[in-house]
file coords30.csv (CSV, C-alpha atoms)
chain,number,residue,atom,x,y,z
A,1,ALA,CA,-18.9,-6.3,-103.0
A,2,LEU,CA,-21.8,-8.1,-101.3
A,3,ALA,CA,-24.3,-6.5,-103.8
A,4,GLY,CA,-22.4,-8.2,-106.6
A,5,LEU,CA,-23.0,-11.6,-105.0
A,6,ASN,CA,-26.8,-11.3,-104.9
A,7,ALA,CA,-27.3,-14.1,-107.4
A,8,ASP,CA,-25.1,-16.5,-105.4
A,9,PHE,CA,-27.0,-15.6,-102.2
A,10,ALA,CA,-30.3,-16.1,-103.8
A,11,ALA,CA,-29.3,-19.7,-104.7
A,12,LEU,CA,-28.3,-20.3,-101.1
A,13,TYR,CA,-31.4,-18.9,-99.4
A,14,SER,CA,-34.4,-21.2,-99.8
A,15,ASP,CA,-38.0,-19.9,-99.9
A,16,GLU,CA,-39.3,-23.0,-98.2
A,17,GLY,CA,-39.2,-24.0,-94.5
A,18,ARG,CA,-38.4,-21.8,-91.6
A,19,PRO,CA,-36.6,-18.6,-92.4
A,20,SER,CA,-32.9,-18.8,-91.8
A,21,ILE,CA,-30.3,-16.1,-91.4
A,22,ALA,CA,-29.6,-14.1,-94.6
A,23,PRO,CA,-26.2,-15.0,-96.1
A,24,GLU,CA,-25.2,-11.3,-96.3
A,25,ARG,CA,-25.7,-10.9,-92.5
A,26,LEU,CA,-23.8,-14.2,-91.9
A,27,ILE,CA,-20.8,-12.8,-93.8
A,28,ARG,CA,-21.0,-9.4,-92.1
A,29,ALA,CA,-21.2,-11.1,-88.7
A,30,SER,CA,-18.3,-13.4,-89.5
A,31,LEU,CA,-16.2,-10.5,-90.6
A,32,LEU,CA,-17.0,-8.7,-87.3
A,33,GLN,CA,-15.9,-11.7,-85.3
A,34,ILE,CA,-12.5,-11.8,-87.1
A,35,LEU,CA,-11.9,-8.0,-87.2
A,36,PHE,CA,-12.7,-7.5,-83.5
A,37,SER,CA,-11.1,-10.8,-82.2
A,38,VAL,CA,-14.4,-12.1,-80.7
A,39,ARG,CA,-13.5,-15.6,-79.4
A,40,SER,CA,-16.8,-17.4,-80.0
A,41,GLU,CA,-20.2,-17.2,-81.7
A,42,ARG,CA,-21.9,-17.0,-78.3
A,43,GLN,CA,-19.9,-13.9,-77.4
A,44,LEU,CA,-20.5,-12.4,-80.8
A,45,VAL,CA,-24.3,-12.8,-80.4
A,46,GLU,CA,-24.1,-11.4,-76.9
A,47,GLN,CA,-22.2,-8.3,-78.1
A,48,MET,CA,-24.6,-7.8,-81.0
A,49,ASP,CA,-27.5,-7.6,-78.5
A,50,TYR,CA,-26.2,-4.3,-77.1
A,51,ASN,CA,-23.5,-3.0,-79.5
A,52,LEU,CA,-25.2,-0.6,-81.9
A,53,MET,CA,-22.2,-0.5,-84.2
A,54,PHE,CA,-22.4,-4.3,-84.6
A,55,ARG,CA,-26.1,-4.1,-85.3
A,56,TRP,CA,-25.6,-1.4,-87.9
A,57,PHE,CA,-22.8,-3.2,-89.7
A,58,VAL,CA,-24.8,-6.5,-89.8
A,59,GLY,CA,-28.0,-4.8,-90.8
A,60,LEU,CA,-30.1,-5.3,-87.7
A,61,GLY,CA,-32.4,-2.6,-86.4
A,62,ILE,CA,-32.3,-1.4,-82.8
A,63,ASP,CA,-35.4,-3.4,-81.8
A,64,ASP,CA,-34.7,-6.4,-84.1
A,65,PRO,CA,-34.2,-9.7,-82.2
A,66,VAL,CA,-30.7,-11.2,-82.2
A,67,TRP,CA,-30.1,-14.7,-83.4
A,68,VAL,CA,-29.5,-17.7,-81.1
A,69,ALA,CA,-25.9,-18.7,-81.1
A,70,THR,CA,-26.6,-22.3,-82.1
A,71,VAL,CA,-28.8,-21.2,-85.0
A,72,PHE,CA,-26.1,-18.8,-86.1
A,73,THR,CA,-23.4,-21.6,-86.0
A,74,LYS,CA,-25.5,-24.1,-88.0
A,75,ASN,CA,-26.4,-21.5,-90.6
A,76,ARG,CA,-22.8,-20.4,-91.0
A,77,ASP,CA,-21.5,-24.0,-91.4
A,78,ARG,CA,-24.1,-24.7,-94.1
A,79,LEU,CA,-23.8,-21.5,-96.1
A,80,LEU,CA,-20.3,-20.1,-95.5
A,81,THR,CA,-18.2,-22.7,-97.4
A,82,THR,CA,-14.8,-22.4,-99.0
A,83,GLU,CA,-16.3,-21.5,-102.3
A,84,MET,CA,-18.4,-18.7,-100.8
A,85,SER,CA,-15.4,-17.4,-98.9
A,86,ARG,CA,-13.4,-17.3,-102.1
A,87,LYS,CA,-16.2,-15.4,-103.9
A,88,VAL,CA,-16.3,-12.8,-101.1
A,89,MET,CA,-12.5,-12.3,-101.4
A,90,ALA,CA,-12.8,-12.0,-105.2
A,91,ALA,CA,-15.7,-9.6,-105.0
A,92,ILE,CA,-13.7,-7.3,-102.6
A,93,LEU,CA,-10.6,-7.4,-105.0
A,94,ALA,CA,-12.8,-6.7,-108.0
A,95,HIS,CA,-14.2,-3.5,-106.6
A,96,PRO,CA,-13.5,-0.5,-108.9
A,97,GLU,CA,-11.5,1.3,-106.2
A,98,VAL,CA,-9.5,-1.8,-105.1
A,99,GLU,CA,-8.6,-3.3,-108.5
A,100,PRO,CA,-6.1,-0.6,-109.4
A,101,LEU,CA,-4.1,-1.4,-106.3
A,102,LEU,CA,-3.3,-4.9,-107.5
A,103,SER,CA,-0.4,-6.2,-109.6
A,104,ASP,CA,-1.3,-8.4,-112.5
A,105,ASP,CA,2.1,-9.9,-113.1
A,106,HIS,CA,4.1,-10.2,-109.9
A,107,PHE,CA,3.1,-12.5,-107.0
A,108,SER,CA,4.5,-14.2,-103.9
A,109,VAL,CA,3.5,-17.4,-102.1
A,110,ASP,CA,4.1,-18.9,-98.7
A,111,GLY,CA,2.6,-21.1,-96.1
A,112,THR,CA,2.1,-21.2,-92.3
A,113,LEU,CA,1.0,-23.7,-89.8
A,114,ILE,CA,-2.5,-23.4,-88.2
A,115,LYS,CA,-2.7,-25.3,-84.9
A,116,ALA,CA,-5.7,-27.7,-84.9
A,117,TRP,CA,-8.3,-27.8,-82.2
A,118,ALA,CA,-7.0,-31.2,-80.9
A,119,SER,CA,-4.6,-32.1,-78.1
A,120,MET,CA,-1.6,-34.4,-78.3
A,121,LYS,CA,-3.5,-36.8,-76.0
A,122,SER,CA,-6.1,-37.3,-78.8
A,123,PHE,CA,-3.3,-38.6,-81.1
A,124,GLN,CA,-3.9,-42.3,-80.5
A,125,PRO,CA,-3.0,-45.5,-82.4
A,126,LYS,CA,-5.3,-46.2,-85.3
A,127,ALA,CA,-7.8,-49.2,-84.9
A,128,PRO,CA,-6.3,-52.4,-86.3
A,129,PRO,CA,-7.9,-53.7,-89.5
A,130,GLU,CA,-10.7,-56.2,-89.0
A,131,GLU,CA,-9.8,-59.8,-89.6
A,132,ASP,CA,-11.0,-61.6,-92.7
A,133,ASP,CA,-14.3,-63.4,-92.2
A,134,LEU,CA,-13.0,-66.4,-94.2
A,135,GLY,CA,-11.2,-67.8,-91.1
A,136,ASP,CA,-12.7,-70.5,-88.9
A,137,PRO,CA,-15.2,-69.2,-86.4
A,138,PRO,CA,-14.2,-69.3,-82.8
A,139,THR,CA,-15.2,-72.5,-80.8
A,140,PRO,CA,-18.1,-71.7,-78.5
A,141,PRO,CA,-17.7,-72.5,-74.9
A,142,ASP,CA,-19.0,-75.8,-73.7
A,143,ASN,CA,-21.8,-74.9,-71.3
A,144,ASP,CA,-22.5,-78.6,-70.3
A,145,THR,CA,-19.2,-79.0,-68.5
A,146,PRO,CA,-20.0,-79.3,-64.8
A,147,THR,CA,-18.2,-76.8,-62.5
A,148,LYS,CA,-16.7,-77.7,-59.2
A,149,PRO,CA,-18.8,-76.3,-56.3
A,150,ASP,CA,-15.7,-75.0,-54.4
A,151,GLN,CA,-14.3,-73.2,-57.5
A,152,PRO,CA,-14.9,-69.4,-57.3
A,153,GLN,CA,-17.0,-68.1,-60.2
A,154,PRO,CA,-15.9,-64.9,-61.9
A,155,PRO,CA,-18.3,-62.0,-61.5
A,156,GLU,CA,-20.8,-61.4,-64.4
A,157,THR,CA,-19.8,-57.8,-64.9
A,158,PRO,CA,-16.4,-56.2,-64.1
A,159,PRO,CA,-16.4,-53.6,-61.4
A,160,MET,CA,-16.6,-50.0,-62.7
A,161,GLN,CA,-13.4,-48.0,-62.4
A,162,SER,CA,-13.5,-44.2,-62.3
A,163,LYS,CA,-11.2,-42.6,-64.9
A,164,SER,CA,-10.3,-38.9,-65.1
A,165,ARG,CA,-11.1,-37.1,-68.3
A,166,ASN,CA,-7.7,-35.4,-68.2
A,167,THR,CA,-5.3,-38.1,-67.0
A,168,GLU,CA,-1.5,-37.7,-67.2
A,169,VAL,CA,0.1,-39.4,-70.3
A,170,ASP,CA,3.8,-40.0,-70.8
A,171,PHE,CA,4.8,-40.2,-74.5
A,172,LYS,CA,8.5,-40.6,-73.8
A,173,GLY,CA,10.0,-43.4,-75.9
A,174,GLU,CA,6.8,-43.9,-77.9
A,175,LYS,CA,7.1,-43.6,-81.7
A,176,ARG,CA,4.1,-41.8,-83.2
A,177,SER,CA,3.5,-40.9,-86.8
A,178,ASN,CA,0.6,-40.0,-89.1
A,179,ALA,CA,0.9,-43.5,-90.6
A,180,THR,CA,0.1,-45.3,-87.3
A,181,HIS,CA,-1.7,-42.7,-85.3
A,182,ALA,CA,-4.6,-40.3,-85.8
A,183,SER,CA,-6.4,-37.7,-83.7
A,184,ILE,CA,-9.8,-38.8,-82.4
A,185,SER,CA,-10.8,-35.1,-81.9
A,186,ASP,CA,-10.0,-34.0,-85.5
A,187,PRO,CA,-9.0,-36.9,-87.9
A,188,ASP,CA,-8.0,-34.3,-90.5
A,189,ALA,CA,-5.2,-32.8,-88.4
A,190,ARG,CA,-1.7,-34.0,-89.0
A,191,LEU,CA,1.4,-34.2,-86.7
A,192,TYR,CA,4.0,-32.0,-88.3
A,193,LYS,CA,6.9,-29.6,-87.6
A,194,LYS,CA,8.1,-27.0,-90.0
A,195,SER,CA,11.7,-26.7,-88.8
A,196,PRO,CA,14.1,-29.3,-87.4
A,197,GLY,CA,14.4,-27.5,-84.0
A,198,ALA,CA,10.7,-27.0,-83.4
A,199,GLY,CA,8.3,-29.4,-81.7
A,200,ALA,CA,5.7,-31.3,-83.7
A,201,MET,CA,2.1,-30.4,-83.2
A,202,LEU,CA,-1.3,-31.3,-84.7
A,203,CYS,CA,-2.0,-28.7,-87.3
A,204,PHE,CA,-3.1,-27.7,-90.8
A,205,MET,CA,-1.1,-25.8,-93.3
A,206,GLY,CA,-2.5,-22.5,-94.7
A,207,HIS,CA,-1.3,-21.0,-98.0
A,208,THR,CA,-1.6,-17.6,-99.5
A,209,LEU,CA,-0.9,-16.0,-102.9
A,210,MET,CA,0.0,-12.3,-102.5
A,211,GLU,CA,0.3,-9.7,-105.2
A,212,ASN,CA,3.6,-7.7,-104.8
A,213,LYS,CA,2.4,-4.2,-105.5
A,214,ASN,CA,0.6,-3.5,-102.2
A,215,GLY,CA,0.8,-6.9,-100.4
A,216,LEU,CA,-2.9,-7.9,-100.7
A,217,ILE,CA,-3.9,-11.5,-100.6
A,218,VAL,CA,-5.5,-12.7,-103.9
A,219,GLN,CA,-5.8,-16.4,-103.2
A,220,ALA,CA,-5.9,-18.6,-100.0
A,221,ASP,CA,-6.0,-22.3,-99.4
A,222,LEU,CA,-5.5,-24.8,-96.6
A,223,THR,CA,-4.3,-28.4,-96.8
A,224,HIS,CA,-3.0,-31.2,-94.7
A,225,ALA,CA,0.3,-30.5,-93.1
A,226,ASP,CA,3.1,-32.3,-95.0
A,227,GLY,CA,6.3,-31.6,-96.9
A,228,PHE,CA,4.6,-31.4,-100.3
A,229,GLY,CA,1.5,-29.3,-99.5
A,230,GLU,CA,3.1,-25.9,-100.0
A,231,ARG,CA,4.3,-26.5,-103.6
A,232,LYS,CA,1.1,-28.2,-104.7
A,233,ALA,CA,-1.0,-25.4,-103.2
A,234,ALA,CA,1.1,-22.8,-104.9
A,235,LEU,CA,0.5,-24.3,-108.3
A,236,ASP,CA,-3.2,-24.6,-107.6
A,237,MET,CA,-3.5,-21.0,-106.5
A,238,ILE,CA,-1.6,-19.5,-109.4
A,239,HIS,CA,-3.6,-21.6,-111.9
A,240,ARG,CA,-6.9,-20.6,-110.1
A,241,HIS,CA,-5.9,-16.9,-110.1
A,242,SER,CA,-4.6,-16.6,-113.7
A,243,PRO,CA,-6.0,-19.6,-115.6
A,244,GLY,CA,-4.4,-20.0,-119.0
A,245,SER,CA,-2.4,-16.8,-118.7
A,246,THR,CA,-0.1,-16.0,-121.6
A,247,ARG,CA,1.6,-13.2,-119.8
A,248,GLN,CA,5.0,-13.8,-118.2
A,249,LEU,CA,4.2,-13.8,-114.5
A,250,THR,CA,6.7,-14.0,-111.6
A,251,LEU,CA,6.3,-15.9,-108.4
A,252,GLY,CA,8.5,-15.2,-105.4
A,253,ALA,CA,9.0,-17.8,-102.7
A,254,ASP,CA,11.5,-19.0,-100.0
A,255,LYS,CA,13.9,-21.9,-100.2
A,256,GLY,CA,11.3,-24.4,-99.3
A,257,TYR,CA,10.0,-24.1,-102.9
A,258,ASP,CA,13.4,-24.6,-104.5
A,259,SER,CA,12.5,-28.0,-106.1
A,260,ALA,CA,13.4,-29.0,-109.7
A,261,GLU,CA,9.9,-30.4,-110.3
A,262,PHE,CA,8.1,-27.3,-108.9
A,263,VAL,CA,10.4,-24.9,-110.9
A,264,ALA,CA,9.7,-26.9,-114.1
A,265,ASP,CA,6.0,-26.8,-113.5
A,266,LEU,CA,6.1,-23.0,-113.1
A,267,ARG,CA,8.0,-22.6,-116.3
A,268,LYS,CA,5.5,-24.7,-118.2
A,269,ALA,CA,2.7,-22.4,-116.8
A,270,CYS,CA,4.5,-19.3,-118.2
A,271,VAL,CA,5.6,-18.3,-114.7
A,272,THR,CA,9.1,-17.2,-113.9
A,273,PRO,CA,10.2,-18.8,-110.6
A,274,HIS,CA,11.7,-16.1,-108.4
A,275,VAL,CA,12.5,-18.7,-105.7
A,276,ALA,CA,15.2,-18.2,-103.1
A,277,GLN,CA,18.3,-20.4,-103.9
A,278,LYS,CA,19.4,-23.3,-101.7
A,279,ALA,CA,23.1,-23.4,-100.8
A,280,ARG,CA,23.4,-26.7,-102.7
A,281,HIS,CA,21.6,-28.4,-105.5
A,282,SER,CA,19.4,-25.4,-106.3
A,283,ALA,CA,17.0,-25.5,-109.3
A,284,ILE,CA,17.4,-21.8,-109.8
A,285,ASP,CA,20.3,-20.8,-112.0
A,286,GLY,CA,21.7,-17.6,-113.6
A,287,ARG,CA,18.9,-17.4,-116.2
A,288,THR,CA,16.7,-16.1,-113.4
A,289,THR,CA,19.0,-14.5,-110.8
A,290,ARG,CA,20.8,-12.2,-113.3
A,291,HIS,CA,17.6,-10.1,-113.8
A,292,PRO,CA,17.0,-7.1,-111.5
A,293,GLY,CA,13.4,-8.3,-110.9
A,294,TYR,CA,14.7,-11.3,-109.1
A,295,ALA,CA,16.1,-9.2,-106.3
A,296,VAL,CA,13.0,-7.1,-106.2
A,297,SER,CA,10.8,-10.2,-105.8
A,298,GLN,CA,13.0,-11.5,-103.0
A,299,LYS,CA,12.6,-8.3,-101.1
A,300,ARG,CA,8.8,-8.0,-101.7
A,301,ARG,CA,8.0,-11.6,-100.9
A,302,LYS,CA,8.8,-11.1,-97.2
A,303,LYS,CA,5.7,-8.9,-96.9
A,304,ILE,CA,3.5,-12.0,-97.1
A,305,GLU,CA,4.4,-12.6,-93.4
A,306,GLU,CA,2.3,-9.6,-92.3
A,307,PRO,CA,-1.1,-11.2,-93.2
A,308,PHE,CA,0.0,-14.3,-91.4
A,309,GLY,CA,0.9,-12.4,-88.3
A,310,TRP,CA,-2.4,-10.4,-88.4
A,311,ALA,CA,-4.4,-13.6,-88.9
A,312,LYS,CA,-2.9,-15.2,-85.8
A,313,THR,CA,-2.9,-12.2,-83.5
A,314,VAL,CA,-6.2,-10.6,-84.5
A,315,GLY,CA,-8.0,-13.0,-86.6
A,316,GLY,CA,-7.9,-15.9,-84.2
A,317,MET,CA,-6.0,-18.3,-86.5
A,318,ALA,CA,-3.1,-19.1,-84.1
A,319,GLN,CA,-5.3,-22.1,-83.1
A,320,THR,CA,-8.5,-22.7,-85.0
A,321,VAL,CA,-11.7,-23.5,-83.1
A,322,HIS,CA,-13.1,-25.4,-86.0
A,323,ARG,CA,-12.7,-29.1,-86.8
A,324,SER,CA,-12.4,-30.8,-90.3
A,325,ILE,CA,-10.3,-29.4,-93.1
A,326,GLU,CA,-13.2,-28.0,-95.0
A,327,LYS,CA,-14.4,-25.8,-92.1
A,328,VAL,CA,-10.9,-24.6,-91.3
A,329,ARG,CA,-10.2,-23.8,-95.0
A,330,ALA,CA,-13.4,-21.7,-95.2
A,331,ARG,CA,-12.5,-19.8,-92.1
A,332,PHE,CA,-8.9,-19.3,-93.1
A,333,THR,CA,-10.0,-17.9,-96.5
A,334,MET,CA,-12.5,-15.5,-94.8
A,335,THR,CA,-9.7,-14.4,-92.4
A,336,MET,CA,-7.4,-13.5,-95.3
A,337,ALA,CA,-10.3,-11.5,-96.9
A,338,ALA,CA,-10.7,-9.7,-93.6
A,339,SER,CA,-7.0,-8.9,-93.5
A,340,ASN,CA,-7.4,-7.2,-96.9
A,341,LEU,CA,-10.3,-5.2,-95.6
A,342,ALA,CA,-8.2,-4.1,-92.6
A,343,ARG,CA,-5.5,-2.7,-94.9
A,344,LEU,CA,-7.7,-1.1,-97.5
A,345,PRO,CA,-8.6,2.2,-95.7
A,346,GLY,CA,-4.9,3.1,-95.4
A,347,LEU,CA,-4.2,2.1,-99.0
A,348,LEU,CA,-7.2,4.0,-100.4
A,349,ALA,CA,-6.4,7.1,-98.4
A,350,ALA,CA,-2.8,7.2,-99.6
call {"tool": "encode", "arguments": {"input": "coords30.csv", "output": "structure tokens"}}
result
Amino acid sequence: ALAGLNADFAALYSDEGRPSIAPERLIRASLLQILFSVRSERQLVEQMDYNLMFRWFVGLGIDDPVWVATVFTKNRDRLLTTEMSRKVMAAILAHPEVEPLLSDDHFSVDGTLIKAWASMKSFQPKAPPEEDDLGDPPTPPDNDTPTKPDQPQPPETPPMQSKSRNTEVDFKGEKRSNATHASISDPDARLYKKSPGAGAMLCFMGHTLMENKNGLIVQADLTHADGFGERKAALDMIHRHSPGSTRQLTLGADKGYDSAEFVADLRKACVTPHVAQKARHSAIDGRTTRHPGYAVSQKRRKKIEEPFGWAKTVGGMAQTVHRSIEKVRARFTMTMAASNLARLPGLLAA
């Protein structure tokens, strides 16, 4: 798969300046970090210094020097973008041995919350807008006014007060929302809760498109956490995976996707919406539910939870260690590609 991306790697690797880490080795090292649950780049570089299996997989010789952790991180952030992560996933799925395992017509979609690398204490009120400069300037103080000799003068500088970096904060009774507050640690994170009984947290929303034959992820995306991100991301992923398709595809999803607008958009795109019906005011009617394929899609769509569970328990996506939506999206996409790699040995041997 990496050999098929040589042209893309050549465009990323410059012939000028100091030599950087080859993109192929960056991708291999990132996959190792995900597959073996290595918590940080520093630990990854440390293990690569003595682990012969890691050296072999990345392409380093026994006596080759290992990279500095900061150099590895900077090169990864510059080269391993969302576009490159998607190309790696597509190259794996396009392999001659993997392509027969995929379904071309039947898919499922779902989303999950990815906890951001930001605490609730960082969710603070936004700065007020600056006042218009057209107003009258403030009146300067009159320095010629004599002062009374017996009047105490204020100190020139206020005394310094020590403040703990981790002070106790009580949020009880305070109304906080994304409209009035933002995280100073990661401004892209949003306060959101997926179910009424759950607590809100600063997070992103990851989305995946799965083919229903063997449960492999064919598309991945990550957006701001809100009530409309799942349906919009589902449309983007199905259009990106099958642009201009004239075949009648099917898309399984849970009740959160049972929206009249979303169902209409799927039908316009030649996609049959196999969406779970709400108890009331459902956009899915007997035209869809009467077919046997609807029940099959509802059964198969639940398999999409397995890559989410693997990504959070093994791949380190329960709480991301990256900040900004672009970096988290690239990491989430690469983690979904790694989940496919973890499942392929069993599928190919069957």
call {"tool": "residues_around", "arguments": {"input": "coords30.csv", "residues": "Arg290 in chain A", "least_positions_apart": "6", "cutoff": "12 Å", "atoms": "all atoms listed in the file", "output": "list in words"}}
result
His274, Ile284 and Val296 of chain A
call {"tool": "residues_around", "arguments": {"input": "coords30.csv", "residues": "range 55-70 of chain A", "least_positions_apart": "4", "cutoff": "8 Å", "atoms": "all atoms listed in the file", "output": "PyMOL selection string"}}
result
chain A and resi 25+28-29+41-42+45+48-49+51+74
call {"tool": "write_last_selection", "arguments": {"input": "coords30.csv", "atoms": "C-alpha atoms", "output": "mmCIF file, keeping the file's coordinate frame"}}
result
data_model
loop_
_atom_site.group_PDB
_atom_site.id
_atom_site.type_symbol
_atom_site.label_atom_id
_atom_site.label_comp_id
_atom_site.auth_asym_id
_atom_site.auth_seq_id
_atom_site.Cartn_x
_atom_site.Cartn_y
_atom_site.Cartn_z
ATOM 1 C CA ARG A 25 -25.700 -10.900 -92.500
ATOM 2 C CA ARG A 28 -21.000 -9.400 -92.100
ATOM 3 C CA ALA A 29 -21.200 -11.100 -88.700
ATOM 4 C CA GLU A 41 -20.200 -17.200 -81.700
ATOM 5 C CA ARG A 42 -21.900 -17.000 -78.300
ATOM 6 C CA VAL A 45 -24.300 -12.800 -80.400
ATOM 7 C CA MET A 48 -24.600 -7.800 -81.000
ATOM 8 C CA ASP A 49 -27.500 -7.600 -78.500
ATOM 9 C CA ASN A 51 -23.500 -3.000 -79.500
ATOM 10 C CA LYS A 74 -25.500 -24.100 -88.000
#
call {"tool": "atom_distance", "arguments": {"input": "coords30.csv", "atom1": "CA of Leu191 in chain A", "atom2": "CA of Cys203 in chain A"}}
result
6.5 Å
call {"tool": "residues_around", "arguments": {"input": "coords30.csv", "residues": "Leu5 in chain A", "least_positions_apart": "5", "cutoff": "9 Å", "atoms": "only C-alpha atoms", "output": "PyMOL selection string"}}
result
chain A and resi 10+24+87-88+91
call {"tool": "residues_near_point", "arguments": {"input": "coords30.csv", "point": "(-6.8, -19.4, -110.7)", "cutoff": "12 Å", "atoms": "all atoms listed in the file", "output": "list in words"}}
result
Arg86, Ala90, Leu209, Val218, Gln219, Ala220, Asp221, Ala233, Ala234, Leu235, Asp236, Met237, Ile238, His239, Arg240, His241, Ser242, Pro243, Gly244, Ser245 and Ala269 of chain A
call {"tool": "residues_around", "arguments": {"input": "coords30.csv", "residues": "range 193-199 of chain A", "least_positions_apart": "5", "cutoff": "9 Å", "atoms": "only C-alpha atoms", "output": "mmCIF file with C-alpha atoms, in the coordinates of the input"}}
result
data_model
loop_
_atom_site.group_PDB
_atom_site.id
_atom_site.type_symbol
_atom_site.label_atom_id
_atom_site.label_comp_id
_atom_site.auth_asym_id
_atom_site.auth_seq_id
_atom_site.Cartn_x
_atom_site.Cartn_y
_atom_site.Cartn_z
ATOM 1 C CA THR A 112 2.100 -21.200 -92.300
ATOM 2 C CA LEU A 113 1.000 -23.700 -89.800
ATOM 3 C CA ALA A 225 0.300 -30.500 -93.100
ATOM 4 C CA ASP A 226 3.100 -32.300 -95.000
ATOM 5 C CA GLY A 227 6.300 -31.600 -96.900
#
call {"tool": "residues_around", "arguments": {"input": "coords30.csv", "residues": "Phe228 in chain A", "least_positions_apart": "3", "cutoff": "12 Å", "atoms": "all atoms listed in the file", "output": "list in words"}}
result
Gly111, Lys194, Met205, Thr223, His224, Ala225, Arg231, Lys232, Ala233, Ala234, Leu235, Gly256, Tyr257, Asp258, Ser259, Glu261 and Phe262 of chain A
call {"tool": "write_last_selection", "arguments": {"input": "coords30.csv", "atoms": "C-alpha atoms", "output": "PDB file, keeping the file's coordinate frame"}}
result
ATOM      1  CA  GLY A 111       2.600 -21.100 -96.100  1.00  0.00           C
ATOM      2  CA  LYS A 194       8.100 -27.000 -90.000  1.00  0.00           C
ATOM      3  CA  MET A 205      -1.100 -25.800 -93.300  1.00  0.00           C
ATOM      4  CA  THR A 223      -4.300 -28.400 -96.800  1.00  0.00           C
ATOM      5  CA  HIS A 224      -3.000 -31.200 -94.700  1.00  0.00           C
ATOM      6  CA  ALA A 225       0.300 -30.500 -93.100  1.00  0.00           C
ATOM      7  CA  ARG A 231       4.300 -26.500-103.600  1.00  0.00           C
ATOM      8  CA  LYS A 232       1.100 -28.200-104.700  1.00  0.00           C
ATOM      9  CA  ALA A 233      -1.000 -25.400-103.200  1.00  0.00           C
ATOM     10  CA  ALA A 234       1.100 -22.800-104.900  1.00  0.00           C
ATOM     11  CA  LEU A 235       0.500 -24.300-108.300  1.00  0.00           C
ATOM     12  CA  GLY A 256      11.300 -24.400 -99.300  1.00  0.00           C
ATOM     13  CA  TYR A 257      10.000 -24.100-102.900  1.00  0.00           C
ATOM     14  CA  ASP A 258      13.400 -24.600-104.500  1.00  0.00           C
ATOM     15  CA  SER A 259      12.500 -28.000-106.100  1.00  0.00           C
ATOM     16  CA  GLU A 261       9.900 -30.400-110.300  1.00  0.00           C
ATOM     17  CA  PHE A 262       8.100 -27.300-108.900  1.00  0.00           C
TER      18      PHE A 262
END
call {"tool": "closest_residue", "arguments": {"input": "coords30.csv", "among": "A:Thr320, A:Thr208, A:Gln33, A:Thr272", "to": "Met336 in chain A", "atoms": "all atoms listed in the file"}}
result
A:Thr208
call {"tool": "closest_residue", "arguments": {"input": "coords30.csv", "among": "A:Met84, A:Asn214, A:Arg176, A:Arg76", "to": "Ala11 in chain A", "atoms": "all atoms listed in the file"}}
result
A:Met84
call {"tool": "closest_residue", "arguments": {"input": "coords30.csv", "among": "A:Asp77, A:Glu99, A:Glu46, A:Asp186", "to": "Lys115 in chain A", "atoms": "all atoms listed in the file"}}
result
A:Asp186
call {"tool": "decode", "arguments": {"input": "coords30.csv", "residues": "range 3-11 of chain A", "atoms": "N, CA, C and O atoms", "output": "PDB file, in the first residue's frame"}}
result
ATOM      1  N   ALA A   3       3.860   1.486  -1.157  1.00  0.00           N
ATOM      2  CA  ALA A   3       4.561   1.588  -2.434  1.00  0.00           C
ATOM      3  C   ALA A   3       3.714   2.296  -3.473  1.00  0.00           C
ATOM      4  O   ALA A   3       4.247   2.962  -4.367  1.00  0.00           O
ATOM      5  N   GLY A   4       2.398   2.182  -3.364  1.00  0.00           N
ATOM      6  CA  GLY A   4       1.528   2.868  -4.301  1.00  0.00           C
ATOM      7  C   GLY A   4       1.412   4.350  -4.053  1.00  0.00           C
ATOM      8  O   GLY A   4       0.810   5.070  -4.858  1.00  0.00           O
ATOM      9  N   LEU A   5       1.945   4.828  -2.927  1.00  0.00           N
ATOM     10  CA  LEU A   5       1.883   6.250  -2.594  1.00  0.00           C
ATOM     11  C   LEU A   5       3.224   6.947  -2.788  1.00  0.00           C
ATOM     12  O   LEU A   5       3.440   8.028  -2.244  1.00  0.00           O
ATOM     13  N   ASN A   6       4.115   6.342  -3.544  1.00  0.00           N
ATOM     14  CA  ASN A   6       5.450   6.934  -3.726  1.00  0.00           C
ATOM     15  C   ASN A   6       5.378   8.319  -4.356  1.00  0.00           C
ATOM     16  O   ASN A   6       6.157   9.218  -4.002  1.00  0.00           O
ATOM     17  N   ALA A   7       4.469   8.516  -5.298  1.00  0.00           N
ATOM     18  CA  ALA A   7       4.359   9.828  -5.940  1.00  0.00           C
ATOM     19  C   ALA A   7       3.925  10.889  -4.939  1.00  0.00           C
ATOM     20  O   ALA A   7       4.425  12.025  -4.954  1.00  0.00           O
ATOM     21  N   ASP A   8       2.991  10.546  -4.049  1.00  0.00           N
ATOM     22  CA  ASP A   8       2.554  11.500  -3.023  1.00  0.00           C
ATOM     23  C   ASP A   8       3.667  11.777  -2.022  1.00  0.00           C
ATOM     24  O   ASP A   8       3.836  12.903  -1.565  1.00  0.00           O
ATOM     25  N   PHE A   9       4.441  10.750  -1.673  1.00  0.00           N
ATOM     26  CA  PHE A   9       5.538  10.950  -0.736  1.00  0.00           C
ATOM     27  C   PHE A   9       6.635  11.806  -1.353  1.00  0.00           C
ATOM     28  O   PHE A   9       7.260  12.633  -0.664  1.00  0.00           O
ATOM     29  N   ALA A  10       6.889  11.631  -2.642  1.00  0.00           N
ATOM     30  CA  ALA A  10       7.921  12.424  -3.301  1.00  0.00           C
ATOM     31  C   ALA A  10       7.575  13.903  -3.289  1.00  0.00           C
ATOM     32  O   ALA A  10       8.461  14.763  -3.193  1.00  0.00           O
ATOM     33  N   ALA A  11       6.285  14.225  -3.391  1.00  0.00           N
ATOM     34  CA  ALA A  11       5.880  15.633  -3.350  1.00  0.00           C
ATOM     35  C   ALA A  11       6.030  16.220  -1.953  1.00  0.00           C
ATOM     36  O   ALA A  11       6.216  17.431  -1.799  1.00  0.00           O
TER      37      ALA A  11
END
